[in-house]
Structure formats: structure tokens, C-alpha cells
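K.L.:
Structure incoming, see below.
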Amino acid sequence: MASLIPPGSALLVTVSKFPGIRFRELGAKTGLANGTLAYRLGLLEKKGLLRVERGPRFTSFYPTDFSPEDSRIFALVRQNRSREIMSLLLKAGHATHGEIASHLRVAPSTASWYLGRLTKSGVLAAEPLGRETIYAVATPNRVLRLLSLHRSTWQENVVSSFVSAWEDLSI
């Protein structure tokens, strides 16, 4: 019996549910073989139904209503340390380099590396104040929305993994 769901619809639903999903994750969630997945993703991209961001090490897939600015920030939200810094600054409002390094329990040079990336990407605003620099989230509402979205997708992944493991044990 032929499916009433057009090919690619499940992919669009999955990409909408998990923006920034990577190829292997998408294959695991949909159960499609790599060749079939690549073909269908290519069709969806050509039709303008899916936005693809190709990086040097991976490719991420986004719904078309997910702006390039949001996807740039979302890529940083997916990284633990960057997410910790953003969360800290959203709670505190602002913090110095030393306060951030202390909170993360990392070397000042490590904190500098993360702060530099987040500042360069426009996620954080840095304001010199004497010998210190004060950091704050540049667009708090946007970052908060993306952090919330990441949390819901992360929770979904954890629950799915647990259910799969439970089903494997039950067999």
C-alpha cells in the first residue's frame, strides 16, 4: 500500500523538531539509508523547503523559517561551555572575565578563548571598564529562546535514547 505522506515530509518534520540536526543524527532518527537520505535532503534543499549549512567538519539542517543568525547562535548553544557562559550571563546580567573563568572552573586562557569566540560571533557584547572587560549577552531574548529550544530538543533525545535502550533490554 502506498504511503499518503509525500517523501521527505518525515525529514521536514524531524528537521523542524530538531533544528541544526546533523546528517548522521537525521539518519538515525528517520531510519533512512545514507544514499536515500542524501537524495531526499538534496531534493528538499533544491525546492527551498530546507536550509542547509555546510561547515568544514559537518553539515547542519534547518527549517527555512530558522534565520541564518539564529542558526549561527544555535550552533554555539549546542556547545556545553558556550551554553554555560550564556546561561551565566543571562542570570547575572553581566560578568567580568575573571568571574566567568572562576564560575566555569577553567584557566583564564580557556575562558578567553570561549569569550573571544562568543564576542566575535556577536552573541556577547564586551565593554572595557578600566583594566577589566564586562561581558553581557548582546540579544538576551533571542539567546533565551534558542537556549529553551535546545533544552527541549536535548530532553527529547534523552527520552528517545532511554526508550530505545529499554526496548532493546525487553526483547
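In the C-alpha cells, the first chain shown is A, the next is B, and so on; residue numbers restart at 1 for each chain, and ligands run from 1 in the order shown.
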Neighbours of Ala125 (chain A) within 9 Å (only C-alpha atoms; same-chain residues fewer than 6 positions away dropped), as a list in words?

P.N.:
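The residues satisfying every condition are Leu118, Thr119, Ile134, Tyr135, Ala136, Val137, Ala138 and Thr139 of chain A.
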
K.L.:
Tell me, as a list in words, which residues lie within 12 Å of Glu25 (chain A), counting only C-alpha atoms; anything in the same chain fewer than 3 positions away does not count.

P.N.:
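The residues that qualify are Leu11, Thr14, Val15, Phe18, Pro19, Gly20, Ile21, Arg22, Ala28, Lys29, Thr30, Gly31, Leu32, Ala33, Asn34, Leu37, Phe58, Thr59, Ser60, Phe61 and Asn157 of chain A.
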
K.L.:
I need the chosen residues saved as an mmCIF file, in the first residue's frame, with C-alpha atoms.

P.N.:
data_model
loop_
_atom_site.group_PDB
_atom_site.id
_atom_site.type_symbol
_atom_site.label_atom_id
_atom_site.label_comp_id
_atom_site.auth_asym_id
_atom_site.auth_seq_id
_atom_site.Cartn_x
_atom_site.Cartn_y
_atom_site.Cartn_z
ATOM 1 C CA LEU A 11 12.503 14.671 7.127
ATOM 2 C CA THR A 14 12.296 15.924 12.052
ATOM 3 C CA VAL A 15 14.359 18.956 10.967
ATOM 4 C CA PHE A 18 15.488 19.330 15.852
ATOM 5 C CA PRO A 19 16.898 22.426 14.112
ATOM 6 C CA GLY A 20 20.615 22.170 13.441
ATOM 7 C CA ILE A 21 20.422 18.384 13.245
ATOM 8 C CA ARG A 22 23.363 16.724 11.556
ATOM 9 C CA ALA A 28 19.309 7.609 12.954
ATOM 10 C CA LYS A 29 16.023 9.380 13.711
ATOM 11 C CA THR A 30 14.414 8.611 10.342
ATOM 12 C CA GLY A 31 15.893 5.161 9.727
ATOM 13 C CA LEU A 32 16.811 6.100 6.152
ATOM 14 C CA ALA A 33 19.918 4.716 4.485
ATOM 15 C CA ASN A 34 22.643 7.287 3.739
ATOM 16 C CA LEU A 37 18.718 10.367 2.983
ATOM 17 C CA PHE A 58 29.780 18.798 9.366
ATOM 18 C CA THR A 59 26.556 19.832 7.682
ATOM 19 C CA SER A 60 23.544 21.069 9.649
ATOM 20 C CA PHE A 61 19.927 21.153 8.513
ATOM 21 C CA ASN A 157 16.953 12.988 22.603
#

K.L.:
Which residue out of A:Leu89, A:Val143, A:Leu49, A:Leu124 has the minimum interatomic distance to Leu104 (chain A) when only C-alpha atoms are used?

P.N.:
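Checking each candidate against Leu104 (chain A), we get A:Leu89 as the closest.
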
K.L.:
According to DSSP computed on the backbone, where in chain A is there strand (DSSP E)? Give the residues as number ranges by chain.

P.N.:
A: 21-22, 51-54, 59-62, 95-96, 124-129, 132-137

K.L.:
Please produce an output containing N, CA and C atoms for each residue in the selection, written as a short mmCIF file (atom, residue, chain, number, x, y, z; two decimals), in the first residue's frame.

P.N.:
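Just written: part-v5.cif:
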data_model
loop_
_atom_site.label_atom_id
_atom_site.label_comp_id
_atom_site.auth_asym_id
_atom_site.auth_seq_id
_atom_site.Cartn_x
_atom_site.Cartn_y
_atom_site.Cartn_z
N ILE A 21 20.11 19.81 13.21
CA ILE A 21 20.42 18.38 13.24
C ILE A 21 21.46 18.07 12.17
N ARG A 22 22.30 17.11 12.48
CA ARG A 22 23.36 16.72 11.56
C ARG A 22 22.94 15.48 10.79
N ARG A 51 16.84 24.44 4.73
CA ARG A 51 18.06 25.25 4.65
C ARG A 51 19.22 24.41 5.16
N VAL A 52 20.30 24.39 4.39
CA VAL A 52 21.47 23.57 4.72
C VAL A 52 22.65 24.49 4.96
N GLU A 53 23.36 24.23 6.06
CA GLU A 53 24.59 24.97 6.34
C GLU A 53 25.73 23.97 6.35
N ARG A 54 26.65 24.17 5.41
CA ARG A 54 27.79 23.28 5.30
C ARG A 54 29.00 23.91 5.96
N THR A 59 27.65 19.12 8.33
CA THR A 59 26.56 19.83 7.68
C THR A 59 25.37 19.81 8.63
N SER A 60 24.71 20.95 8.78
CA SER A 60 23.54 21.07 9.65
C SER A 60 22.33 21.43 8.81
N PHE A 61 21.18 20.94 9.25
CA PHE A 61 19.93 21.15 8.51
C PHE A 61 18.95 21.93 9.39
N TYR A 62 18.33 22.94 8.77
CA TYR A 62 17.41 23.83 9.48
C TYR A 62 16.13 24.01 8.69
N ALA A 95 29.17 39.96 33.64
CA ALA A 95 30.24 39.42 34.49
C ALA A 95 31.58 39.77 33.86
N THR A 96 32.61 39.76 34.68
CA THR A 96 33.97 40.01 34.19
C THR A 96 34.59 38.69 33.72
N LEU A 124 27.92 37.77 22.44
CA LEU A 124 28.24 38.56 23.64
C LEU A 124 28.69 39.95 23.25
N ALA A 125 28.40 40.89 24.11
CA ALA A 125 28.92 42.25 23.99
C ALA A 125 29.99 42.40 25.06
N ALA A 126 31.10 43.01 24.69
CA ALA A 126 32.20 43.22 25.63
C ALA A 126 32.45 44.71 25.77
N GLU A 127 32.48 45.17 27.02
CA GLU A 127 32.70 46.59 27.27
C GLU A 127 33.87 46.76 28.24
N PRO A 128 34.94 47.42 27.77
CA PRO A 128 36.08 47.65 28.65
C PRO A 128 35.69 48.58 29.80
N LEU A 129 36.15 48.24 30.99
CA LEU A 129 35.90 49.06 32.17
C LEU A 129 37.19 49.06 32.98
N GLU A 132 39.48 45.82 33.38
CA GLU A 132 38.59 44.66 33.20
C GLU A 132 37.74 44.84 31.94
N THR A 133 37.16 43.75 31.52
CA THR A 133 36.16 43.78 30.46
C THR A 133 34.89 43.14 31.02
N ILE A 134 33.79 43.82 30.81
CA ILE A 134 32.49 43.32 31.27
C ILE A 134 31.79 42.68 30.08
N TYR A 135 31.30 41.47 30.27
CA TYR A 135 30.61 40.74 29.22
C TYR A 135 29.13 40.63 29.55
N ALA A 136 28.31 40.70 28.50
CA ALA A 136 26.86 40.52 28.62
C ALA A 136 26.35 39.91 27.33
N VAL A 137 25.20 39.27 27.39
CA VAL A 137 24.58 38.71 26.19
C VAL A 137 24.04 39.87 25.36
#

K.L.:
I'd like the contact shell of Arg117 (chain A) - 12 Å cut-off, only C-alpha atoms, skipping same-chain residues fewer than 2 positions apart - returned as an mmCIF file with N, CA and C atoms, in the first residue's frame.

P.N.:
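Written file, part-v7.cif:
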data_model
loop_
_atom_site.group_PDB
_atom_site.id
_atom_site.type_symbol
_atom_site.label_atom_id
_atom_site.label_comp_id
_atom_site.auth_asym_id
_atom_site.auth_seq_id
_atom_site.Cartn_x
_atom_site.Cartn_y
_atom_site.Cartn_z
ATOM 1 N N ARG A 72 23.408 30.444 13.516
ATOM 2 C CA ARG A 72 24.768 30.737 13.982
ATOM 3 C C ARG A 72 24.829 30.700 15.507
ATOM 4 N N ILE A 73 23.849 31.297 16.157
ATOM 5 C CA ILE A 73 23.792 31.291 17.624
ATOM 6 C C ILE A 73 23.474 29.889 18.130
ATOM 7 N N ALA A 75 24.216 27.044 16.872
ATOM 8 C CA ALA A 75 25.410 26.193 16.807
ATOM 9 C C ALA A 75 26.259 26.380 18.066
ATOM 10 N N LEU A 76 26.327 27.600 18.575
ATOM 11 C CA LEU A 76 27.078 27.875 19.810
ATOM 12 C C LEU A 76 26.320 27.377 21.038
ATOM 13 N N GLN A 79 27.017 23.859 22.155
ATOM 14 C CA GLN A 79 28.311 23.566 22.779
ATOM 15 C C GLN A 79 28.228 23.851 24.277
ATOM 16 N N ARG A 81 30.303 24.520 26.951
ATOM 17 C CA ARG A 81 30.927 25.680 27.606
ATOM 18 C C ARG A 81 30.297 26.993 27.156
ATOM 19 N N SER A 82 30.053 27.105 25.867
ATOM 20 C CA SER A 82 29.423 28.330 25.362
ATOM 21 C C SER A 82 28.047 28.511 25.979
ATOM 22 N N ILE A 85 28.328 29.722 29.569
ATOM 23 C CA ILE A 85 28.646 31.154 29.633
ATOM 24 C C ILE A 85 27.388 31.979 29.363
ATOM 25 N N THR A 110 41.536 29.616 28.823
ATOM 26 C CA THR A 110 40.410 28.864 28.264
ATOM 27 C C THR A 110 39.168 29.746 28.220
ATOM 28 N N ALA A 111 38.926 30.473 29.299
ATOM 29 C CA ALA A 111 37.783 31.396 29.327
ATOM 30 C C ALA A 111 37.941 32.444 28.227
ATOM 31 N N SER A 112 39.162 32.949 28.044
ATOM 32 C CA SER A 112 39.417 33.949 26.996
ATOM 33 C C SER A 112 39.073 33.412 25.621
ATOM 34 N N TRP A 113 39.416 32.150 25.383
ATOM 35 C CA TRP A 113 39.143 31.548 24.076
ATOM 36 C C TRP A 113 37.639 31.509 23.819
ATOM 37 N N TYR A 114 36.863 31.039 24.783
ATOM 38 C CA TYR A 114 35.408 30.975 24.619
ATOM 39 C C TYR A 114 34.796 32.362 24.512
ATOM 40 N N LEU A 115 35.237 33.267 25.369
ATOM 41 C CA LEU A 115 34.701 34.632 25.337
ATOM 42 C C LEU A 115 35.025 35.316 24.014
ATOM 43 N N THR A 119 32.162 36.605 21.559
ATOM 44 C CA THR A 119 32.153 38.033 21.259
ATOM 45 C C THR A 119 32.283 38.267 19.755
ATOM 46 N N LYS A 120 33.202 37.541 19.131
ATOM 47 C CA LYS A 120 33.408 37.675 17.686
ATOM 48 C C LYS A 120 32.150 37.303 16.903
ATOM 49 N N SER A 121 31.417 36.323 17.397
ATOM 50 C CA SER A 121 30.197 35.894 16.713
ATOM 51 C C SER A 121 29.025 36.839 16.961
ATOM 52 N N GLY A 122 29.181 37.779 17.892
ATOM 53 C CA GLY A 122 28.118 38.743 18.170
ATOM 54 C C GLY A 122 27.141 38.297 19.242
ATOM 55 N N VAL A 123 27.365 37.129 19.827
ATOM 56 C CA VAL A 123 26.466 36.636 20.875
ATOM 57 C C VAL A 123 26.672 37.441 22.147
ATOM 58 N N LEU A 124 27.924 37.769 22.442
ATOM 59 C CA LEU A 124 28.241 38.557 23.636
ATOM 60 C C LEU A 124 28.692 39.947 23.245
ATOM 61 N N ALA A 125 28.396 40.887 24.114
ATOM 62 C CA ALA A 125 28.918 42.246 23.987
ATOM 63 C C ALA A 125 29.995 42.401 25.059
ATOM 64 N N ALA A 126 31.098 43.009 24.689
ATOM 65 C CA ALA A 126 32.205 43.216 25.631
ATOM 66 C C ALA A 126 32.452 44.705 25.766
#

K.L.:
Identify all residues of region 25-68 of chain A in alpha helix (DSSP H) (DSSP on the backbone) and supply them as a PDB file with C-alpha atoms, in the first residue's frame.

P.N.:
ATOM      1  CA  GLU A  25      21.541  12.162  13.634  1.00  0.00           C
ATOM      2  CA  LEU A  26      18.901  12.644  10.947  1.00  0.00           C
ATOM      3  CA  GLY A  27      19.612   9.195   9.509  1.00  0.00           C
ATOM      4  CA  ALA A  28      19.309   7.609  12.954  1.00  0.00           C
ATOM      5  CA  LYS A  29      16.023   9.380  13.711  1.00  0.00           C
ATOM      6  CA  THR A  30      14.414   8.611  10.342  1.00  0.00           C
ATOM      7  CA  ASN A  34      22.643   7.287   3.739  1.00  0.00           C
ATOM      8  CA  GLY A  35      22.032   7.322  -0.031  1.00  0.00           C
ATOM      9  CA  THR A  36      18.272   7.722   0.309  1.00  0.00           C
ATOM     10  CA  LEU A  37      18.718  10.367   2.983  1.00  0.00           C
ATOM     11  CA  ALA A  38      21.204  12.364   0.890  1.00  0.00           C
ATOM     12  CA  TYR A  39      18.948  12.171  -2.166  1.00  0.00           C
ATOM     13  CA  ARG A  40      15.819  13.311  -0.315  1.00  0.00           C
ATOM     14  CA  LEU A  41      17.674  16.099   1.504  1.00  0.00           C
ATOM     15  CA  GLY A  42      19.037  17.311  -1.831  1.00  0.00           C
ATOM     16  CA  LEU A  43      15.521  17.434  -3.288  1.00  0.00           C
ATOM     17  CA  LEU A  44      14.173  19.326  -0.279  1.00  0.00           C
ATOM     18  CA  GLU A  45      17.020  21.818  -0.462  1.00  0.00           C
ATOM     19  CA  LYS A  46      16.507  22.382  -4.213  1.00  0.00           C
ATOM     20  CA  PRO A  68      20.913  32.340   9.489  1.00  0.00           C
TER      21      PRO A  68
END

K.L.:
Which residue is closest to His94 (chain A)? Choose from A:Phe74, A:Pro108, A:Gly55, A:Pro140 and count only C-alpha atoms.

P.N.:
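Of A:Phe74, A:Pro108, A:Gly55, A:Pro140, the one nearest His94 (chain A), counting only C-alpha atoms, is A:Pro140.
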
K.L.:
Got a sec: who's within 9 Å of Leu144 (chain A), counting only C-alpha atoms, leaving out chain neighbours fewer than 4 positions off, as a compact mmCIF listing (two decimals) with C-alpha atoms, in the first residue's frame?

P.N.:
# COMPACT_ATOMS: atom_id res chain seq x y z
CA MET A 86 25.44 32.36 28.00
CA SER A 87 23.33 30.95 30.84
CA LEU A 90 21.60 35.70 31.28
CA THR A 139 20.48 39.82 22.38
CA PRO A 140 19.11 38.23 25.57
CA SER A 148 14.93 26.98 25.55
CA LEU A 149 14.62 25.31 22.14
